Amino acid sequence: QVQLVESGGGLVQTGGSLRLSCAASGSIFSINVMGWYRQAPGKQRELVAVISSGGGTNYADSAKGRFTISRDNANNTVYLQMNSLKPEDTAVYYCYYTTRISSIWGQGTHVTVSS
């Protein structure tokens with residue numbers, strides 16, 4: 001069983017920055033993908049960015065150039081540095097962990113960007 005604990009959400013003004021963290025614990029597979037999705041009110045959950053245990057990354061077009069995903073494999077933690085935030089980035093951000101065997105979601109952390 002793997003547990004995900006997210007932190008770092010909050011309220012920020014347009015143009016500001018936030019850093020999200022997600023720590024995984026439990027039966028961690030060394031080969032995995034971790035990342036972030038988000039869901040805005042009335043919209044479907046969408047990819048923000050993911051990173052593999054080998055360091056490969058994938059970003060949504062909306063995140064490219066503004067967000068940076070990174071990870072600390074020793075501590076099973078993934079980070080999302082979000083810069084130049086816009087009101088349309090307002091959403092619940094969910095941490096995601098997946099292996100070839102299973103996938104789990106975090107409980108979500110709220111990010112609100114005021115105009």
# chains A, B, ... in the order shown; residues from 1 in each chain; ligands from 1
>>> closest_atom_pairs(of="segment 31-114 of chain A", to="segment 3-19 of chain A", cutoff="12 Å", atoms="only C-alpha atoms", output="Markdown table")
| residue | atom | partner | partner_atom | distance |
| --- | --- | --- | --- | --- |
| A:Met34 | CA | A:Leu4 | CA | 10.3 |
| A:Gly35 | CA | A:Leu4 | CA | 11.2 |
| A:Trp36 | CA | A:Glu6 | CA | 10.3 |
| A:Arg38 | CA | A:Gly9 | CA | 11.9 |
| A:Arg66 | CA | A:Ser17 | CA | 9.5 |
| A:Phe67 | CA | A:Arg19 | CA | 9.4 |
| A:Thr68 | CA | A:Arg19 | CA | 9.4 |
| A:Ile69 | CA | A:Arg19 | CA | 9.7 |
| A:Ser70 | CA | A:Arg19 | CA | 10.8 |
| A:Asn76 | CA | A:Leu4 | CA | 9.7 |
| A:Thr77 | CA | A:Leu4 | CA | 9.2 |
| A:Val78 | CA | A:Glu6 | CA | 9.4 |
| A:Tyr79 | CA | A:Arg19 | CA | 6.8 |
| A:Leu80 | CA | A:Arg19 | CA | 5.6 |
| A:Gln81 | CA | A:Arg19 | CA | 4.4 |
| A:Met82 | CA | A:Leu18 | CA | 5.2 |
| A:Asn83 | CA | A:Ser17 | CA | 4.4 |
| A:Ser84 | CA | A:Gly15 | CA | 4.1 |
| A:Leu85 | CA | A:Gly15 | CA | 4.8 |
| A:Lys86 | CA | A:Thr14 | CA | 5.1 |
| A:Pro87 | CA | A:Thr14 | CA | 6.4 |
| A:Glu88 | CA | A:Thr14 | CA | 9.7 |
| A:Asp89 | CA | A:Thr14 | CA | 9.6 |
| A:Thr90 | CA | A:Leu11 | CA | 9.1 |
| A:Ala91 | CA | A:Gly9 | CA | 9.9 |
| A:Val92 | CA | A:Gly9 | CA | 8.6 |
| A:Tyr93 | CA | A:Gly9 | CA | 8.1 |
| A:Tyr94 | CA | A:Glu6 | CA | 8.0 |
| A:Cys95 | CA | A:Glu6 | CA | 6.8 |
| A:Tyr96 | CA | A:Leu4 | CA | 8.1 |
| A:Tyr97 | CA | A:Leu4 | CA | 8.1 |
| A:Thr98 | CA | A:Leu4 | CA | 11.4 |
| A:Ser103 | CA | A:Gln3 | CA | 10.8 |
| A:Ile104 | CA | A:Gln3 | CA | 8.1 |
| A:Trp105 | CA | A:Leu4 | CA | 7.2 |
| A:Gly106 | CA | A:Leu4 | CA | 5.1 |
| A:Gln107 | CA | A:Glu6 | CA | 7.4 |
| A:Gly108 | CA | A:Glu6 | CA | 6.9 |
| A:Thr109 | CA | A:Gly9 | CA | 5.4 |
| A:His110 | CA | A:Gly9 | CA | 5.3 |
| A:Val111 | CA | A:Gly9 | CA | 5.0 |
| A:Thr112 | CA | A:Leu11 | CA | 4.7 |
| A:Val113 | CA | A:Val12 | CA | 5.0 |
| A:Ser114 | CA | A:Gln13 | CA | 4.8 |
>>> closest_residue(among="A:Ala24, A:Ala40, A:Val33, A:Ala74", to="Gly54 of chain A", atoms="only C-alpha atoms")
A:Val33
>>> select_by_dssp(residues="chain A", states="strand (DSSP E or B)", output="VMD selection string")
chain A and resid 2 to 7 10 to 13 18 to 26 33 to 39 46 to 52 57 to 59 67 to 72 77 to 82 91 to 98 103 to 105 109 to 114
>>> atom_distance(atom1="atom CA of Lys43 of chain A", atom2="atom CA of Thr99 of chain A")
26.2 Å
>>> select_by_dssp(residues="chain A", states="helix (DSSP H, G or I)", output="list in words")
Asn73, Ala74, Asn75, Pro87, Glu88 and Asp89 of chain A
